[in-house]
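Engineer: Structure below; questions to follow.
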Amino acid sequence: MNSKPRRAYVPTTALAKAVEFDEEMMRVTFTDGRVLGVPLVWFPLLCDASPDQRKRYEIGGCGVSLHWPELAEDLSVAGLMAGVDGNAA
């Protein structure tokens, strides 16, 4: 019998794998299985974009950033995880 306690997996790096939208939320899926939902109103450019424009994103830096070339919108995964909205300076 193994008496050694099992340690929980604690991710040290969040890397974006996919982005999905509904009318009110953006959901980012990460390579470690987490899903982060953030309100679209935090990001005025994405909020005002059409559903088709929102779908045309790129994942940069192997998962550390999100980019919408058509909208000139760039988001960092670290900023999303920290709760930084698109109005932050």
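Each chain in the structure tokens gets a letter, A, B, ..., in the order shown, and its residues are numbered from 1; ligands are numbered from 1 in order too.
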I want to know what sits within 12 Å of A:Val35, based on only C-alpha atoms, with residues of the same chain fewer than 6 positions away left out; could you give that as a list of chain:residue names?
Structural biologist: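 Listed by chain and then number, they are A:Ala14, A:Leu15, A:Ala16, A:Lys17, A:Ala18, A:Val19, A:Glu20, A:Met25, A:Met26, A:Arg27, A:Val28, A:Thr29, A:Val77, A:Leu80, A:Met81.
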Engineer: For A:Gly83, list every protein, DNA or RNA residue within 12 Å, evaluated using only C-alpha atoms, and leave out those in the same chain fewer than 4 positions away; present the list as a count of residues only.
Structural biologist: 13
Engineer: As a ChimeraX atom specification, please: all residues of chain A that backbone DSSP puts in strand (DSSP E or B).
Structural biologist: /A:16-21,25-30,35-39,58-60,65-68,73-76
Engineer: How would the residues just chosen look if you wrote them out with N, CA and C atoms as a PDB file, in the first residue's frame?
Structural biologist:
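Result saved to again21.pdb:
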```
ATOM      1  N   ALA A  16      -3.289  29.227 -24.316  1.00  0.00           N
ATOM      2  CA  ALA A  16      -4.577  29.204 -25.010  1.00  0.00           C
ATOM      3  C   ALA A  16      -4.579  28.157 -26.115  1.00  0.00           C
ATOM      4  N   LYS A  17      -5.711  27.474 -26.238  1.00  0.00           N
ATOM      5  CA  LYS A  17      -5.887  26.456 -27.276  1.00  0.00           C
ATOM      6  C   LYS A  17      -7.020  26.820 -28.231  1.00  0.00           C
ATOM      7  N   ALA A  18      -8.058  27.483 -27.728  1.00  0.00           N
ATOM      8  CA  ALA A  18      -9.215  27.836 -28.554  1.00  0.00           C
ATOM      9  C   ALA A  18      -9.980  28.979 -27.902  1.00  0.00           C
ATOM     10  N   VAL A  19     -10.758  29.691 -28.736  1.00  0.00           N
ATOM     11  CA  VAL A  19     -11.599  30.791 -28.259  1.00  0.00           C
ATOM     12  C   VAL A  19     -12.992  30.608 -28.849  1.00  0.00           C
ATOM     13  N   GLU A  20     -14.008  30.769 -28.013  1.00  0.00           N
ATOM     14  CA  GLU A  20     -15.401  30.691 -28.453  1.00  0.00           C
ATOM     15  C   GLU A  20     -16.159  31.881 -27.886  1.00  0.00           C
ATOM     16  N   PHE A  21     -17.234  32.256 -28.562  1.00  0.00           N
ATOM     17  CA  PHE A  21     -18.039  33.398 -28.147  1.00  0.00           C
ATOM     18  C   PHE A  21     -19.513  33.043 -28.129  1.00  0.00           C
ATOM     19  N   MET A  25     -20.322  36.535 -23.756  1.00  0.00           N
ATOM     20  CA  MET A  25     -19.077  36.041 -23.169  1.00  0.00           C
ATOM     21  C   MET A  25     -18.071  35.579 -24.218  1.00  0.00           C
ATOM     22  N   MET A  26     -16.794  35.691 -23.842  1.00  0.00           N
ATOM     23  CA  MET A  26     -15.707  35.062 -24.581  1.00  0.00           C
ATOM     24  C   MET A  26     -15.177  33.954 -23.671  1.00  0.00           C
ATOM     25  N   ARG A  27     -15.009  32.767 -24.219  1.00  0.00           N
ATOM     26  CA  ARG A  27     -14.477  31.647 -23.449  1.00  0.00           C
ATOM     27  C   ARG A  27     -13.181  31.171 -24.097  1.00  0.00           C
ATOM     28  N   VAL A  28     -12.134  31.156 -23.283  1.00  0.00           N
ATOM     29  CA  VAL A  28     -10.826  30.708 -23.748  1.00  0.00           C
ATOM     30  C   VAL A  28     -10.558  29.341 -23.133  1.00  0.00           C
ATOM     31  N   THR A  29     -10.275  28.359 -23.973  1.00  0.00           N
ATOM     32  CA  THR A  29      -9.911  27.019 -23.516  1.00  0.00           C
ATOM     33  C   THR A  29      -8.396  26.920 -23.516  1.00  0.00           C
ATOM     34  N   PHE A  30      -7.856  26.378 -22.422  1.00  0.00           N
ATOM     35  CA  PHE A  30      -6.411  26.259 -22.263  1.00  0.00           C
ATOM     36  C   PHE A  30      -5.957  24.818 -22.437  1.00  0.00           C
ATOM     37  N   VAL A  35     -11.117  26.372 -18.656  1.00  0.00           N
ATOM     38  CA  VAL A  35     -11.870  27.255 -19.540  1.00  0.00           C
ATOM     39  C   VAL A  35     -12.148  28.529 -18.748  1.00  0.00           C
ATOM     40  N   LEU A  36     -11.778  29.662 -19.330  1.00  0.00           N
ATOM     41  CA  LEU A  36     -11.984  30.954 -18.681  1.00  0.00           C
ATOM     42  C   LEU A  36     -13.028  31.737 -19.458  1.00  0.00           C
ATOM     43  N   GLY A  37     -14.070  32.170 -18.784  1.00  0.00           N
ATOM     44  CA  GLY A  37     -15.095  32.999 -19.403  1.00  0.00           C
ATOM     45  C   GLY A  37     -14.950  34.435 -18.941  1.00  0.00           C
ATOM     46  N   VAL A  38     -14.960  35.364 -19.896  1.00  0.00           N
ATOM     47  CA  VAL A  38     -14.876  36.788 -19.568  1.00  0.00           C
ATOM     48  C   VAL A  38     -15.964  37.539 -20.338  1.00  0.00           C
ATOM     49  N   PRO A  39     -16.550  38.562 -19.722  1.00  0.00           N
ATOM     50  CA  PRO A  39     -17.603  39.319 -20.400  1.00  0.00           C
ATOM     51  C   PRO A  39     -17.066  40.068 -21.612  1.00  0.00           C
ATOM     52  N   GLU A  58      -6.089  34.666 -34.096  1.00  0.00           N
ATOM     53  CA  GLU A  58      -4.848  33.894 -34.157  1.00  0.00           C
ATOM     54  C   GLU A  58      -4.338  33.709 -32.736  1.00  0.00           C
ATOM     55  N   ILE A  59      -3.772  32.551 -32.477  1.00  0.00           N
ATOM     56  CA  ILE A  59      -3.115  32.297 -31.199  1.00  0.00           C
ATOM     57  C   ILE A  59      -1.626  32.491 -31.424  1.00  0.00           C
ATOM     58  N   GLY A  60      -1.030  33.381 -30.657  1.00  0.00           N
ATOM     59  CA  GLY A  60       0.381  33.705 -30.845  1.00  0.00           C
ATOM     60  C   GLY A  60       1.259  33.171 -29.729  1.00  0.00           C
ATOM     61  N   SER A  65      -0.781  34.525 -26.354  1.00  0.00           N
ATOM     62  CA  SER A  65      -1.518  35.725 -26.751  1.00  0.00           C
ATOM     63  C   SER A  65      -2.602  35.383 -27.763  1.00  0.00           C
ATOM     64  N   LEU A  66      -3.582  36.273 -27.849  1.00  0.00           N
ATOM     65  CA  LEU A  66      -4.674  36.156 -28.810  1.00  0.00           C
ATOM     66  C   LEU A  66      -4.687  37.419 -29.648  1.00  0.00           C
ATOM     67  N   HIS A  67      -4.892  37.259 -30.958  1.00  0.00           N
ATOM     68  CA  HIS A  67      -4.817  38.403 -31.869  1.00  0.00           C
ATOM     69  C   HIS A  67      -5.938  38.311 -32.896  1.00  0.00           C
ATOM     70  N   TRP A  68      -6.593  39.434 -33.119  1.00  0.00           N
ATOM     71  CA  TRP A  68      -7.604  39.580 -34.164  1.00  0.00           C
ATOM     72  C   TRP A  68      -7.060  40.603 -35.155  1.00  0.00           C
ATOM     73  N   GLU A  73      -6.877  43.941 -32.420  1.00  0.00           N
ATOM     74  CA  GLU A  73      -7.060  43.635 -31.002  1.00  0.00           C
ATOM     75  C   GLU A  73      -6.071  42.561 -30.602  1.00  0.00           C
ATOM     76  N   ASP A  74      -5.357  42.809 -29.514  1.00  0.00           N
ATOM     77  CA  ASP A  74      -4.387  41.859 -28.971  1.00  0.00           C
ATOM     78  C   ASP A  74      -4.655  41.685 -27.487  1.00  0.00           C
ATOM     79  N   LEU A  75      -4.731  40.444 -27.041  1.00  0.00           N
ATOM     80  CA  LEU A  75      -4.930  40.144 -25.628  1.00  0.00           C
ATOM     81  C   LEU A  75      -3.861  39.168 -25.175  1.00  0.00           C
ATOM     82  N   SER A  76      -3.349  39.382 -23.983  1.00  0.00           N
ATOM     83  CA  SER A  76      -2.386  38.432 -23.433  1.00  0.00           C
ATOM     84  C   SER A  76      -3.121  37.443 -22.540  1.00  0.00           C
TER      85      SER A  76
END
```
Engineer: Using DSSP on the backbone coordinates, identify all residues within chain A classified as helix (DSSP H, G or I); present the result as a PyMOL selection string.
Structural biologist: chain A and resi 40-42+44-48+51-55+77-82
Engineer: Pull C-alpha atoms from the residues just selected and write them as a CSV table (one decimal), in the first residue's frame.
Structural biologist:
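The result, written out as again04.csv:
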```csv
chain,number,residue,atom,x,y,z
A,40,LEU,CA,-17.4,40.7,-23.9
A,41,VAL,CA,-18.1,44.2,-22.6
A,42,TRP,CA,-14.6,44.2,-21.1
A,44,PRO,CA,-15.1,47.0,-26.7
A,45,LEU,CA,-13.5,46.1,-30.1
A,46,LEU,CA,-14.6,42.5,-29.7
A,47,CYS,CA,-18.0,43.5,-28.3
A,48,ASP,CA,-18.7,45.7,-31.4
A,51,PRO,CA,-19.6,37.0,-34.9
A,52,ASP,CA,-17.6,36.3,-38.1
A,53,GLN,CA,-14.9,38.9,-37.2
A,54,ARG,CA,-14.6,37.3,-33.7
A,55,LYS,CA,-14.0,33.9,-35.2
A,77,VAL,CA,-3.3,35.2,-21.7
A,78,ALA,CA,-1.5,36.5,-18.6
A,79,GLY,CA,-3.7,39.6,-18.6
A,80,LEU,CA,-6.9,37.5,-19.1
A,81,MET,CA,-5.9,35.2,-16.2
A,82,ALA,CA,-5.2,38.2,-14.0
```
Engineer: In Å, with one decimal, what is the gap from atom CA of A:Arg56 to atom CA of A:Glu23?
Structural biologist: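 Taking atom CA of A:Arg56 and atom CA of A:Glu23, their separation equals 16.1 Å.
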Engineer: Between atom CA of A:Val84 and atom CA of A:Val64, what is the distance in Å, rounded to a tenth?
Structural biologist: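 About the pair atom CA of A:Val84 and atom CA of A:Val64: they are 14.7 Å apart.
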Engineer: Which one is closest to A:Tyr57: A:Thr31, A:Thr13, A:Leu71, A:Asp22? Count only C-alpha atoms.
Structural biologist: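 Of the candidates, the smallest distance to A:Tyr57 is held by A:Leu71.
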Engineer: Rank A:Ser50, A:Arg6, A:Gly63, A:Asp85 by their smallest atom-to-atom distance to A:Asp32, using only C-alpha atoms, and report the top residue only.
Structural biologist: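 For A:Asp32, the nearest of the candidates is A:Gly63.
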